[in-house]
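Enquirer: What follows is start.cif; its format and atoms are mmCIF, C-alpha atoms.
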data_query
#
loop_
_atom_site.label_atom_id
_atom_site.label_comp_id
_atom_site.auth_asym_id
_atom_site.auth_seq_id
_atom_site.Cartn_x
_atom_site.Cartn_y
_atom_site.Cartn_z
CA VAL Y 174 0.00 0.00 0.00
CA VAL Y 175 1.37 3.37 -1.07
CA VAL Y 176 0.27 6.37 0.95
CA ASN Y 177 0.93 9.64 -0.82
CA ALA Y 178 1.50 12.79 1.19
CA LEU Y 179 -0.96 15.64 1.11
CA PRO Y 180 0.23 18.89 -0.47
CA ASN Y 181 1.56 21.42 2.01
CA ILE Y 182 -0.25 24.55 0.91
CA GLN Y 183 1.20 27.92 1.82
CA LEU Y 184 -1.15 30.86 1.33
CA ASN Y 185 0.30 34.36 1.21
CA ALA Y 186 -2.42 36.96 1.72
CA PRO Y 187 -2.78 40.19 3.73
CA ALA Y 188 -4.96 40.18 6.84
CA ASP Y 189 -6.66 43.38 5.67
CA LEU Y 190 -6.72 45.72 2.72
CA CYS Y 191 -7.95 49.24 2.07
CA TYR Y 192 -11.31 49.63 0.37
CA GLY Y 193 -11.11 49.52 -3.42
CA TYR Y 194 -7.54 48.25 -3.53
CA GLU Y 195 -6.51 45.20 -5.53
CA LEU Y 196 -6.05 42.05 -3.50
CA GLN Y 197 -3.17 39.83 -4.58
CA VAL Y 198 -2.87 36.36 -3.11
CA GLU Y 199 -0.29 33.67 -3.88
CA ALA Y 200 -0.38 29.98 -3.11
CA SER Y 201 2.41 27.40 -3.24
CA GLY Y 202 2.96 23.71 -2.50
CA ALA Y 203 0.66 22.11 -5.07
CA ALA Y 204 0.56 21.28 -8.78
CA SER Y 205 -2.83 22.88 -9.46
CA TYR Y 206 -5.22 25.18 -7.64
CA ALA Y 207 -8.90 25.98 -7.36
CA TRP Y 208 -9.93 29.27 -5.73
CA PHE Y 209 -13.12 30.07 -3.81
CA VAL Y 210 -14.26 33.54 -2.79
CA ASN Y 211 -16.93 33.51 -0.05
CA GLY Y 212 -17.66 29.94 -1.05
CA VAL Y 213 -18.05 30.68 -4.76
CA GLU Y 214 -15.50 29.16 -7.11
CA ASN Y 215 -13.34 31.63 -9.00
CA ALA Y 216 -12.34 31.11 -12.61
CA SER Y 217 -8.62 31.32 -11.82
CA THR Y 218 -6.63 28.08 -11.70
CA ASN Y 219 -3.26 29.76 -11.32
CA ALA Y 220 -1.09 29.84 -8.22
CA SER Y 221 -2.03 33.50 -7.75
CA LEU Y 222 -5.30 35.40 -7.58
CA SER Y 223 -5.86 39.13 -8.14
CA MET Y 224 -9.16 40.86 -7.51
CA GLN Y 225 -10.61 44.10 -6.23
CA ILE Y 226 -12.51 43.81 -2.97
CA ASN Y 227 -14.99 46.23 -1.42
CA GLU Y 228 -16.03 44.07 1.52
CA ASP Y 229 -14.59 41.44 3.87
CA VAL Y 230 -13.92 38.18 2.05
CA GLU Y 231 -13.13 34.57 2.85
CA LEU Y 232 -10.59 33.12 0.43
CA SER Y 233 -10.04 29.42 0.08
CA VAL Y 234 -7.68 27.56 -2.20
CA VAL Y 235 -7.79 23.85 -2.90
CA GLY Y 236 -4.34 22.60 -3.90
CA THR Y 237 -3.86 19.31 -5.70
CA ASN Y 238 -0.47 17.60 -6.01
CA GLN Y 239 0.81 15.21 -8.68
CA PHE Y 240 -0.81 12.28 -6.90
CA GLY Y 241 -4.28 13.82 -6.92
CA CYS Y 242 -4.24 14.50 -3.20
CA GLU Y 243 -5.92 17.70 -2.06
CA THR Y 244 -5.52 20.19 0.78
CA THR Y 245 -7.61 23.29 1.47
CA GLU Y 246 -6.30 26.46 3.04
CA THR Y 247 -8.54 29.38 4.02
CA VAL Y 248 -7.81 32.97 4.95
CA ASN Y 249 -10.02 35.91 5.84
CA VAL Y 250 -9.21 39.35 4.48
CA GLY Y 251 -10.84 42.39 6.06
CA VAL Y 252 -11.55 45.69 4.29
CA LEU Y 253 -10.36 48.93 5.84
CA ILE Y 254 -12.22 52.16 5.16
CA ALA Y 255 -10.32 55.21 3.91
CA PRO Y 256 -11.04 58.63 5.44
CA GLU Y 257 -13.22 61.16 3.66
CA SER Y 258 -11.43 63.68 1.45
CA MET Y 259 -14.30 65.67 -0.05
CA PHE Y 260 -14.25 69.46 -0.12
CA ASP Y 261 -15.95 72.28 -1.99
CA ILE Y 262 -14.48 75.70 -2.68
CA PRO Y 263 -15.80 78.24 -5.18
CA ALA Y 264 -13.99 78.62 -8.49
CA VAL Y 265 -11.85 81.72 -8.79
CA ALA Y 266 -10.43 83.51 -11.83
CA GLY Y 267 -8.68 86.81 -12.27
CA CYS Y 268 -5.57 88.73 -13.11
CA SER Y 269 -2.37 87.76 -11.33
CA PRO Y 270 -2.16 87.45 -8.40
CA VAL Y 271 -5.24 85.36 -7.52
CA SER Y 272 -5.92 84.52 -3.86
CA PHE Y 273 -8.31 82.06 -2.22
CA ASN Y 274 -8.64 79.93 0.92
CA LEU Y 275 -8.52 76.17 1.32
CA TYR Y 276 -10.90 74.47 3.75
CA HIS Y 277 -12.75 71.19 4.35
CA ASP Y 278 -15.03 69.76 7.02
CA ASN Y 279 -13.93 66.11 7.08
CA GLY Y 280 -12.92 66.16 10.73
CA SER Y 281 -9.52 65.45 12.22
CA ASP Y 282 -9.33 61.64 12.16
CA ALA Y 283 -6.77 61.66 9.33
CA GLU Y 284 -3.68 63.46 8.10
CA TYR Y 285 -4.67 65.88 5.34
CA THR Y 286 -2.44 67.41 2.68
CA TRP Y 287 -3.42 69.94 0.03
CA LEU Y 288 -1.93 69.74 -3.43
CA ILE Y 289 -2.02 72.39 -6.13
CA ASN Y 290 -1.30 70.93 -9.56
CA ASP Y 291 0.03 67.83 -7.74
CA VAL Y 292 2.52 69.87 -5.69
CA PRO Y 293 2.03 69.76 -1.88
CA TYR Y 294 0.87 73.07 -0.44
CA PHE Y 295 1.26 73.73 3.28
CA GLY Y 296 -1.17 76.33 4.51
CA THR Y 297 -4.74 77.38 3.89
CA SER Y 298 -4.30 80.80 2.27
CA VAL Y 299 -3.21 80.57 -1.36
CA THR Y 300 -1.83 83.30 -3.62
CA LEU Y 301 -1.05 82.32 -7.20
CA ASN Y 302 1.17 84.57 -9.27
CA GLU Y 303 1.92 82.34 -12.24
CA SER Y 304 -0.69 82.36 -14.99
CA GLY Y 305 -2.56 79.19 -15.92
CA LEU Y 306 -5.19 76.70 -14.76
CA PHE Y 307 -4.77 75.10 -11.35
CA ASP Y 308 -6.23 71.87 -9.92
CA VAL Y 309 -6.70 71.55 -6.16
CA THR Y 310 -6.52 68.14 -4.46
CA LEU Y 311 -7.12 67.08 -0.88
CA LEU Y 312 -5.18 63.96 0.10
CA ALA Y 313 -6.27 62.13 3.26
CA VAL Y 314 -4.27 59.40 5.05
CA GLY Y 315 -6.13 57.56 7.81
CA ASP Y 316 -4.73 56.03 10.97
CA ASN Y 317 -5.12 52.64 9.29
CA GLY Y 318 -2.87 53.72 6.42
CA CYS Y 319 -5.68 53.95 3.87
CA VAL Y 320 -5.56 56.87 1.45
CA SER Y 321 -8.26 58.78 -0.37
CA SER Y 322 -8.16 61.92 -2.47
CA PHE Y 323 -10.53 64.32 -4.18
CA THR Y 324 -9.66 66.84 -6.90
CA LEU Y 325 -11.41 69.90 -8.27
CA ASP Y 326 -10.00 70.35 -11.77
CA GLY Y 327 -9.30 73.87 -13.00
CA ILE Y 328 -10.78 75.44 -9.87
CA ALA Y 329 -8.45 78.44 -10.15
CA GLU Y 330 -7.45 80.33 -13.29
CA VAL Y 331 -4.85 83.08 -13.26
CA TYR Y 332 -4.79 85.44 -16.22
CA PRO Y 333 -1.41 86.75 -17.37
CA LEU Y 334 -0.40 90.37 -17.01
CA PRO Y 335 0.77 92.39 -20.00
CA THR Y 336 3.99 94.39 -19.87
CA ALA Y 337 3.75 98.09 -20.66
CA ALA Y 338 6.79 99.68 -22.27
CA PHE Y 339 7.55 102.42 -24.75
CA THR Y 340 10.28 104.59 -26.14
CA THR Y 341 10.38 107.74 -28.25
CA VAL Y 342 11.99 108.57 -31.55
CA ASN Y 343 12.65 112.12 -30.26
CA SER Y 344 12.29 113.27 -26.68
CA GLU Y 345 12.85 117.02 -26.94
CA VAL Y 346 10.33 119.45 -28.37
CA ASN Y 347 10.58 123.08 -29.40
CA ILE Y 348 8.60 125.58 -31.40
CA LEU Y 349 9.94 124.22 -34.65
CA ASN Y 350 9.58 120.55 -33.67
CA PRO Y 351 6.63 120.18 -31.22
CA ILE Y 352 5.70 116.57 -32.20
CA VAL Y 353 7.04 113.50 -30.37
CA ARG Y 354 6.68 110.05 -31.91
CA PHE Y 355 6.07 107.30 -29.36
CA VAL Y 356 7.02 103.68 -30.11
CA ASN Y 357 4.96 101.12 -28.20
CA GLN Y 358 7.06 98.19 -26.96
CA SER Y 359 4.40 96.57 -24.79
CA GLN Y 360 4.02 92.79 -24.67
CA GLY Y 361 0.80 90.77 -24.43
CA ALA Y 362 -1.60 93.71 -24.75
CA VAL Y 363 -4.46 94.57 -27.10
CA ASP Y 364 -5.52 98.02 -25.88
CA TYR Y 365 -3.48 101.07 -24.95
CA PHE Y 366 -4.22 104.25 -22.99
CA TRP Y 367 -1.75 107.10 -23.19
CA GLN Y 368 -1.72 110.12 -20.88
CA PHE Y 369 0.40 113.06 -21.86
CA ALA Y 370 0.98 114.94 -18.60
CA GLY Y 371 -2.58 116.23 -18.45
CA GLU Y 372 -2.22 117.77 -21.87
CA GLY Y 373 -4.11 115.03 -23.69
CA VAL Y 374 -4.78 111.33 -24.14
CA SER Y 375 -4.62 108.71 -26.90
CA THR Y 376 -5.69 105.13 -27.50
CA GLU Y 377 -3.49 104.59 -30.53
CA GLU Y 378 -0.89 101.87 -30.33
CA SER Y 379 2.04 104.17 -31.18
CA PRO Y 380 0.80 107.75 -31.35
CA ASP Y 381 2.44 110.96 -32.44
CA TYR Y 382 1.68 113.77 -30.01
CA GLU Y 383 2.16 117.51 -30.38
CA PHE Y 384 3.18 119.26 -27.17
CA PRO Y 385 2.98 122.96 -26.45
CA ALA Y 386 6.52 124.31 -26.73
CA ILE Y 387 7.12 125.82 -23.31
CA ALA Y 388 10.68 126.48 -22.29
CA GLU Y 389 12.23 124.26 -19.61
CA THR Y 390 9.05 122.25 -19.06
CA GLY Y 391 9.13 118.45 -18.66
CA TYR Y 392 6.20 116.13 -19.34
CA GLU Y 393 5.40 112.86 -17.58
CA ILE Y 394 4.08 110.37 -20.13
CA CYS Y 395 2.19 107.28 -18.90
CA LEU Y 396 1.12 104.23 -20.87
CA GLU Y 397 -1.41 101.68 -19.60
CA ALA Y 398 -1.43 98.39 -21.55
CA VAL Y 399 -4.48 96.11 -21.26
CA ASN Y 400 -4.77 92.52 -22.51
CA GLN Y 401 -7.80 90.50 -23.64
CA PHE Y 402 -8.57 89.48 -20.02
CA GLY Y 403 -8.76 93.07 -18.83
CA CYS Y 404 -5.46 92.79 -16.97
CA SER Y 405 -3.28 95.87 -17.11
CA ASP Y 406 0.19 97.22 -16.52
CA GLU Y 407 1.33 100.83 -16.46
CA THR Y 408 4.61 102.57 -17.00
CA CYS Y 409 5.50 106.26 -16.87
#
Can the structure in the file be given as structure tokens, please?

Expert:
Amino acid sequence: VVVNALPNIQLNAPADLCYGYELQVEASGAASYAWFVNGVENASTNASLSMQINEDVELSVVGTNQFGCETTETVNVGVLIAPESMFDIPAVAGCSPVSFNLYHDNGSDAEYTWLINDVPYFGTSVTLNESGLFDVTLLAVGDNGCVSSFTLDGIAEVYPLPTAAFTTVNSEVNILNPIVRFVNQSQGAVDYFWQFAGEGVSTEESPDYEFPAIAETGYEICLEAVNQFGCSDETC
């Protein structure tokens, strides 16, 4: 009489797993395997099983060796709940800089981290100077190690500022030559507002302006450049 040994099944599985995570279990010690999840047979016949779980499960594997002998091993895997990470802040948009506050009401049973465009931000008062769209994320890590996150995409938009600049072809006026030609060197603007020392105004891009020829009198010239977002810059 030949008595064949039973397979010595080793089952490698975590005792618990965070909600929504993928469970990976490996078995060894047999030639073939049959898996059961809460008593229902799984289609996998491999030595490993991968599945997403959202509730506590009982996993069993029946291992068969080359002699047809079987052994069953069972393990229970519990599901851990991640902390809440929801928040709601109003969308903001405007010319640089744009400021807003970060807040949530998820309690204090987790470690919370804010991220702006995936970069950690430490603090609750935000001022954005760089132009562009910004996503805000709240990352929550519970005492059990489970992580959750929530993102508001494009919640903040910062419009760029134009740069006002100009020069002149001639900067001195007299009775014979009372006209100064201004050359607009502004960047990123679509509208222009010139002020000629209280003597007059212009909305031309590069105006010529005739000054009264008064001896030893200087004029302060100011240019305001405005872009398509209504953002402005001024130089004098």

Enquirer: Which residues fall under the PyMOL selection byres ((chain Y and resi 235-246) around 10) in this file, as a list in words?

Expert: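 Applied to this file, the PyMOL selection byres ((chain Y and resi 235-246) around 10) returns Val176, Asn177, Ala178, Leu179, Pro180, Asn181, Ile182, Gln183, Leu184, Ala200, Ser201, Gly202, Ala203, Ala204, Ser205, Tyr206, Ala207, Trp208, Phe209, Thr218, Ala220, Leu232, Ser233, Val234, Thr247 and Val248 of chain Y.
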
Enquirer: Take the residues just selected and output them with C-alpha atoms as an mmCIF file, in the coordinates of the input.

Expert:
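As written to disk, again27.cif reads:
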data_model
loop_
_atom_site.group_PDB
_atom_site.id
_atom_site.type_symbol
_atom_site.label_atom_id
_atom_site.label_comp_id
_atom_site.auth_asym_id
_atom_site.auth_seq_id
_atom_site.Cartn_x
_atom_site.Cartn_y
_atom_site.Cartn_z
ATOM 1 C CA VAL Y 176 0.270 6.370 0.950
ATOM 2 C CA ASN Y 177 0.930 9.640 -0.820
ATOM 3 C CA ALA Y 178 1.500 12.790 1.190
ATOM 4 C CA LEU Y 179 -0.960 15.640 1.110
ATOM 5 C CA PRO Y 180 0.230 18.890 -0.470
ATOM 6 C CA ASN Y 181 1.560 21.420 2.010
ATOM 7 C CA ILE Y 182 -0.250 24.550 0.910
ATOM 8 C CA GLN Y 183 1.200 27.920 1.820
ATOM 9 C CA LEU Y 184 -1.150 30.860 1.330
ATOM 10 C CA ALA Y 200 -0.380 29.980 -3.110
ATOM 11 C CA SER Y 201 2.410 27.400 -3.240
ATOM 12 C CA GLY Y 202 2.960 23.710 -2.500
ATOM 13 C CA ALA Y 203 0.660 22.110 -5.070
ATOM 14 C CA ALA Y 204 0.560 21.280 -8.780
ATOM 15 C CA SER Y 205 -2.830 22.880 -9.460
ATOM 16 C CA TYR Y 206 -5.220 25.180 -7.640
ATOM 17 C CA ALA Y 207 -8.900 25.980 -7.360
ATOM 18 C CA TRP Y 208 -9.930 29.270 -5.730
ATOM 19 C CA PHE Y 209 -13.120 30.070 -3.810
ATOM 20 C CA THR Y 218 -6.630 28.080 -11.700
ATOM 21 C CA ALA Y 220 -1.090 29.840 -8.220
ATOM 22 C CA LEU Y 232 -10.590 33.120 0.430
ATOM 23 C CA SER Y 233 -10.040 29.420 0.080
ATOM 24 C CA VAL Y 234 -7.680 27.560 -2.200
ATOM 25 C CA THR Y 247 -8.540 29.380 4.020
ATOM 26 C CA VAL Y 248 -7.810 32.970 4.950
#

Enquirer: Evaluate the PyMOL selection byres ((chain Y and resi 306-310) around 12) and record the selected residues as a ChimeraX atom specification, following the chain and residue labels used in the document.

Expert: /Y:258-267,269,271,273-277,285-294,297,299-305,311-313,321-333

Enquirer: Let me know the residues the PyMOL selection byres ((chain Y and resi 340) around 12) catches in the file above, as a short mmCIF file (atom, residue, chain, number, x, y, z; two decimals) with C-alpha atoms, in the coordinates of the input.

Expert:
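Final output, selection16.cif:
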data_model
loop_
_atom_site.label_atom_id
_atom_site.label_comp_id
_atom_site.auth_asym_id
_atom_site.auth_seq_id
_atom_site.Cartn_x
_atom_site.Cartn_y
_atom_site.Cartn_z
CA ALA Y 337 3.75 98.09 -20.66
CA ALA Y 338 6.79 99.68 -22.27
CA PHE Y 339 7.55 102.42 -24.75
CA THR Y 341 10.38 107.74 -28.25
CA VAL Y 342 11.99 108.57 -31.55
CA ASN Y 343 12.65 112.12 -30.26
CA SER Y 344 12.29 113.27 -26.68
CA VAL Y 353 7.04 113.50 -30.37
CA ARG Y 354 6.68 110.05 -31.91
CA PHE Y 355 6.07 107.30 -29.36
CA VAL Y 356 7.02 103.68 -30.11
CA ASN Y 357 4.96 101.12 -28.20
CA GLN Y 358 7.06 98.19 -26.96
CA SER Y 359 4.40 96.57 -24.79
CA SER Y 379 2.04 104.17 -31.18
CA PRO Y 380 0.80 107.75 -31.35
CA ASP Y 381 2.44 110.96 -32.44
CA ILE Y 394 4.08 110.37 -20.13
CA CYS Y 395 2.19 107.28 -18.90
CA LEU Y 396 1.12 104.23 -20.87
CA THR Y 408 4.61 102.57 -17.00
CA CYS Y 409 5.50 106.26 -16.87
#

Enquirer: Between Y:Thr336, Y:Ala283, Y:Asn185, Y:Asn347, which residue has the minimum interatomic distance to Y:Asp316, considering all atoms listed in the file?

Expert: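 The closest residue to Y:Asp316 is Y:Ala283.
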
Enquirer: Restricting the calculation to all atoms listed in the file, which member of Y:Ser217, Y:Ser375, Y:Ser223, Y:Ser281 is positioned closest to Y:Gly315?

Expert: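 For Y:Gly315, the nearest of the candidates is Y:Ser281.
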
Enquirer: Give the answer as one residue: which of Y:Val250, Y:Leu190, Y:Leu222, Y:Ala362 has the shortest atom-to-atom distance to Y:Asn317, using only C-alpha atoms?

Expert: Y:Leu190

Enquirer: In terms of the shortest atom-to-atom distance over only C-alpha atoms, which of Y:Pro187, Y:Pro385, Y:Pro270, Y:Gly212 is closest to Y:Asn249?

Expert: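 Closest candidate: Y:Pro187.
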
Enquirer: Rank Y:Glu377, Y:Glu228, Y:Asp364, Y:Glu372 by their smallest atom-to-atom distance to Y:Ser405, using only C-alpha atoms, and report the top residue only.

Expert: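 Between Y:Glu377, Y:Glu228, Y:Asp364, Y:Glu372, the residue approaching Y:Ser405 most closely is Y:Asp364.
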
Enquirer: Rank Y:Pro335, Y:Asp229, Y:Glu257, Y:Glu383 by their smallest atom-to-atom distance to Y:Cys319, using only C-alpha atoms, and report the top residue only.

Expert: Y:Glu257

Enquirer: Distance atom CA of Y:Glu199-atom CA of Y:Asn211, one decimal place?

Expert: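 The value is 17.1 Å.
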
Enquirer: Taking all listed atoms of stretch 174-190 of chain Y, build the axis-aligned box, pad each of the six sides by 3 Å, then write its centre and edge lengths in Å to one decimal as JSON.

Expert:
{"center_x": -2.6, "center_y": 22.9, "center_z": 2.9, "size_x": 14.3, "size_y": 51.7, "size_z": 13.9}

Enquirer: Would you compute the distance between atom CA of Y:Ile226 and atom CA of Y:Asp278? Give it in Å to one decimal.

Expert: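 Between atom CA of Y:Ile226 and atom CA of Y:Asp278 the gap is 27.9 Å.
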
Enquirer: Between atom CA of Y:Asp282 and atom CA of Y:Pro256, what is the distance, to one decimal in Å?

Expert: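 For atom CA of Y:Asp282 relative to atom CA of Y:Pro256, the distance reads 7.6 Å.
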